[in-house]
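This is model20.cif. It holds mmCIF, C-alpha atoms; chains and numbers go by the auth columns.
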data_start
#
loop_
_atom_site.group_PDB
_atom_site.id
_atom_site.type_symbol
_atom_site.label_atom_id
_atom_site.label_comp_id
_atom_site.label_asym_id
_atom_site.label_seq_id
_atom_site.Cartn_x
_atom_site.Cartn_y
_atom_site.Cartn_z
_atom_site.B_iso_or_equiv
_atom_site.auth_seq_id
_atom_site.auth_asym_id
ATOM 1 C CA MET A 1 96.808 85.484 81.916 0.00 1 J
ATOM 2 C CA SER A 2 94.557 83.737 84.398 0.00 2 J
ATOM 3 C CA LYS A 3 94.955 84.363 88.081 0.00 3 J
ATOM 4 C CA LYS A 4 96.829 81.680 89.957 0.00 4 J
ATOM 5 C CA TRP A 5 95.845 82.529 93.531 0.00 5 J
ATOM 6 C CA GLU A 6 92.541 83.219 95.223 0.00 6 J
ATOM 7 C CA ILE A 7 91.906 85.432 98.236 0.00 7 J
ATOM 8 C CA THR A 8 89.078 84.513 100.576 0.00 8 J
ATOM 9 C CA PHE A 9 88.158 86.164 103.843 0.00 9 J
ATOM 10 C CA PHE A 10 87.906 84.219 107.103 0.00 10 J
ATOM 11 C CA ASN A 11 84.298 85.309 107.518 0.00 11 J
ATOM 12 C CA GLU A 12 81.865 88.094 106.574 0.00 12 J
ATOM 13 C CA LYS A 13 82.848 90.250 109.563 0.00 13 J
ATOM 14 C CA VAL A 14 86.499 90.283 108.453 0.00 14 J
ATOM 15 C CA LYS A 15 85.462 90.998 104.864 0.00 15 J
ATOM 16 C CA ASN A 16 83.180 93.874 105.912 0.00 16 J
ATOM 17 C CA GLU A 17 85.804 95.414 108.198 0.00 17 J
ATOM 18 C CA THR A 18 88.432 95.177 105.460 0.00 18 J
ATOM 19 C CA LEU A 19 86.165 96.731 102.856 0.00 19 J
ATOM 20 C CA SER A 20 85.255 99.574 105.230 0.00 20 J
ATOM 21 C CA LEU A 21 88.854 100.847 105.461 0.00 21 J
ATOM 22 C CA PRO A 22 89.413 104.480 104.457 0.00 22 J
ATOM 23 C CA ASP A 23 89.264 104.881 100.664 0.00 23 J
ATOM 24 C CA GLY A 24 92.971 105.468 100.038 0.00 24 J
ATOM 25 C CA ILE A 25 94.133 102.602 102.221 0.00 25 J
ATOM 26 C CA LEU A 26 91.504 100.293 100.730 0.00 26 J
ATOM 27 C CA ALA A 27 92.571 101.195 97.188 0.00 27 J
ATOM 28 C CA ASN A 28 96.185 100.316 98.021 0.00 28 J
ATOM 29 C CA LEU A 29 95.186 97.086 99.758 0.00 29 J
ATOM 30 C CA LEU A 30 93.074 96.029 96.776 0.00 30 J
ATOM 31 C CA LYS A 31 96.095 96.642 94.498 0.00 31 J
ATOM 32 C CA ILE A 32 98.165 94.411 96.782 0.00 32 J
ATOM 33 C CA PHE A 33 95.460 91.731 96.636 0.00 33 J
ATOM 34 C CA GLU A 34 95.518 91.877 92.827 0.00 34 J
ATOM 35 C CA MET A 35 99.317 91.509 92.767 0.00 35 J
ATOM 36 C CA ALA A 36 99.084 88.548 95.161 0.00 36 J
ATOM 37 C CA LYS A 37 96.466 86.865 92.949 0.00 37 J
ATOM 38 C CA GLU A 38 98.937 86.996 90.060 0.00 38 J
ATOM 39 C CA VAL A 39 102.225 86.067 91.729 0.00 39 J
ATOM 40 C CA GLY A 40 101.395 84.721 95.172 0.00 40 J
ATOM 41 C CA ALA A 41 101.553 86.162 98.642 0.00 41 J
ATOM 42 C CA ASN A 42 105.325 86.563 98.934 0.00 42 J
ATOM 43 C CA LEU A 43 105.437 90.097 97.551 0.00 43 J
ATOM 44 C CA GLY A 44 108.148 91.248 99.939 0.00 44 J
ATOM 45 C CA SER A 45 108.555 94.609 101.572 0.00 45 J
ATOM 46 C CA PRO A 46 106.749 96.957 101.670 0.00 46 J
ATOM 47 C CA HIS A 47 103.688 94.914 100.606 0.00 47 J
ATOM 48 C CA SER A 48 103.939 91.696 102.612 0.00 48 J
ATOM 49 C CA LYS A 49 105.875 90.281 105.529 0.00 49 J
ATOM 50 C CA PRO A 50 106.036 86.928 107.343 0.00 50 J
ATOM 51 C CA LEU A 51 104.887 87.017 110.962 0.00 51 J
ATOM 52 C CA GLY A 52 105.848 83.445 111.892 0.00 52 J
ATOM 53 C CA ASP A 53 103.878 80.273 112.625 0.00 53 J
ATOM 54 C CA GLY A 54 102.439 80.290 109.085 0.00 54 J
ATOM 55 C CA LEU A 55 100.972 83.786 109.345 0.00 55 J
ATOM 56 C CA PHE A 56 101.779 86.727 107.098 0.00 56 J
ATOM 57 C CA GLU A 57 100.585 90.283 106.667 0.00 57 J
ATOM 58 C CA PHE A 58 99.759 92.558 103.776 0.00 58 J
ATOM 59 C CA ARG A 59 100.549 96.201 104.575 0.00 59 J
ATOM 60 C CA ALA A 60 98.730 99.053 102.863 0.00 60 J
ATOM 61 C CA LYS A 61 99.639 102.691 103.523 0.00 61 J
ATOM 62 C CA ASN A 62 98.160 105.993 102.503 0.00 62 J
ATOM 63 C CA LYS A 63 98.000 109.497 103.940 0.00 63 J
ATOM 64 C CA GLU A 64 95.057 108.220 106.036 0.00 64 J
ATOM 65 C CA GLY A 65 97.320 105.769 107.841 0.00 65 J
ATOM 66 C CA ILE A 66 98.259 102.114 107.538 0.00 66 J
ATOM 67 C CA ALA A 67 96.302 98.874 107.586 0.00 67 J
ATOM 68 C CA ARG A 68 97.561 95.367 108.073 0.00 68 J
ATOM 69 C CA SER A 69 95.678 92.342 106.799 0.00 69 J
ATOM 70 C CA ILE A 70 96.769 89.079 108.426 0.00 70 J
ATOM 71 C CA PHE A 71 96.614 85.950 106.285 0.00 71 J
ATOM 72 C CA CYS A 72 97.794 82.397 105.802 0.00 72 J
ATOM 73 C CA VAL A 73 98.318 80.415 102.610 0.00 73 J
ATOM 74 C CA VAL A 74 96.478 77.163 101.900 0.00 74 J
ATOM 75 C CA VAL A 75 97.920 75.183 98.983 0.00 75 J
ATOM 76 C CA ASN A 76 96.158 72.450 97.001 0.00 76 J
ATOM 77 C CA LYS A 77 93.310 71.946 99.455 0.00 77 J
ATOM 78 C CA GLY A 78 90.469 71.939 96.914 0.00 78 J
ATOM 79 C CA ASN A 79 87.245 73.606 97.929 0.00 79 J
ATOM 80 C CA LEU A 80 87.337 74.475 101.622 0.00 80 J
#
Can you give me the file's structure in the form of structure tokens?
Amino acid sequence: MSKKWEITFFNEKVKNETLSLPDGILANLLKIFEMAKEVGANLGSPHSKPLGDGLFEFRAKNKEGIARSIFCVVVNKGNL
């Protein structure tokens, strides 16, 4: 099955900071990203949550702590 959604980072700084999370948290966040690519961003608790004003968060936990990745969804906008 092909992936329906694409995840892009706001800029390189955000990408680098995300990818430098502690290993366990990063592994969980990458799993959440993969789920979102298949079914969309509305994964529900404990993986995602609406924040309001078009913003949402992915939440990844591990024994190292928790990380939140803030995102928005852009639909049918072609190549941005």
Query - Residue neighbourhood range 20-23 of chain J, 9 Å, only C-alpha atoms, exclusion window fewer than 6 positions, as a count of residues only - result: 3
Just so the selection is clear, what residues does the PyMOL selection byres ((chain J and resi 41) around 10) cover here, as an mmCIF file with C-alpha atoms, in the coordinates of the input?
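Saved as selection_31.cif:
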data_model
loop_
_atom_site.group_PDB
_atom_site.id
_atom_site.type_symbol
_atom_site.label_atom_id
_atom_site.label_comp_id
_atom_site.auth_asym_id
_atom_site.auth_seq_id
_atom_site.Cartn_x
_atom_site.Cartn_y
_atom_site.Cartn_z
ATOM 1 C CA TRP J 5 95.845 82.529 93.531
ATOM 2 C CA ILE J 7 91.906 85.432 98.236
ATOM 3 C CA ILE J 32 98.165 94.411 96.782
ATOM 4 C CA PHE J 33 95.460 91.731 96.636
ATOM 5 C CA MET J 35 99.317 91.509 92.767
ATOM 6 C CA ALA J 36 99.084 88.548 95.161
ATOM 7 C CA LYS J 37 96.466 86.865 92.949
ATOM 8 C CA GLU J 38 98.937 86.996 90.060
ATOM 9 C CA VAL J 39 102.225 86.067 91.729
ATOM 10 C CA GLY J 40 101.395 84.721 95.172
ATOM 11 C CA ASN J 42 105.325 86.563 98.934
ATOM 12 C CA LEU J 43 105.437 90.097 97.551
ATOM 13 C CA GLY J 44 108.148 91.248 99.939
ATOM 14 C CA HIS J 47 103.688 94.914 100.606
ATOM 15 C CA SER J 48 103.939 91.696 102.612
ATOM 16 C CA LYS J 49 105.875 90.281 105.529
ATOM 17 C CA PRO J 50 106.036 86.928 107.343
ATOM 18 C CA PHE J 56 101.779 86.727 107.098
ATOM 19 C CA GLU J 57 100.585 90.283 106.667
ATOM 20 C CA PHE J 58 99.759 92.558 103.776
ATOM 21 C CA PHE J 71 96.614 85.950 106.285
ATOM 22 C CA CYS J 72 97.794 82.397 105.802
ATOM 23 C CA VAL J 73 98.318 80.415 102.610
#
Query raised in the report: Which distance in Å separates CA of Ile25 in chain J and CA of Ser45 in chain J, to one decimal?
Result: 16.5 Å
**Report entry** Spatial neighbours of Glu17 in chain J, 12 Å, all atoms listed in the file, chain gap at least 6 places, as a list of chain:residue names
**Finding:**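 Counting all atoms listed in the file, the residues come to J:Phe9, J:Phe10, J:Asn11, J:Leu26, J:Ala67, J:Arg68, J:Ser69.
We find CA of Glu12 in chain J and CA of Lys61 in chain J to be spaced 23.2 Å apart.
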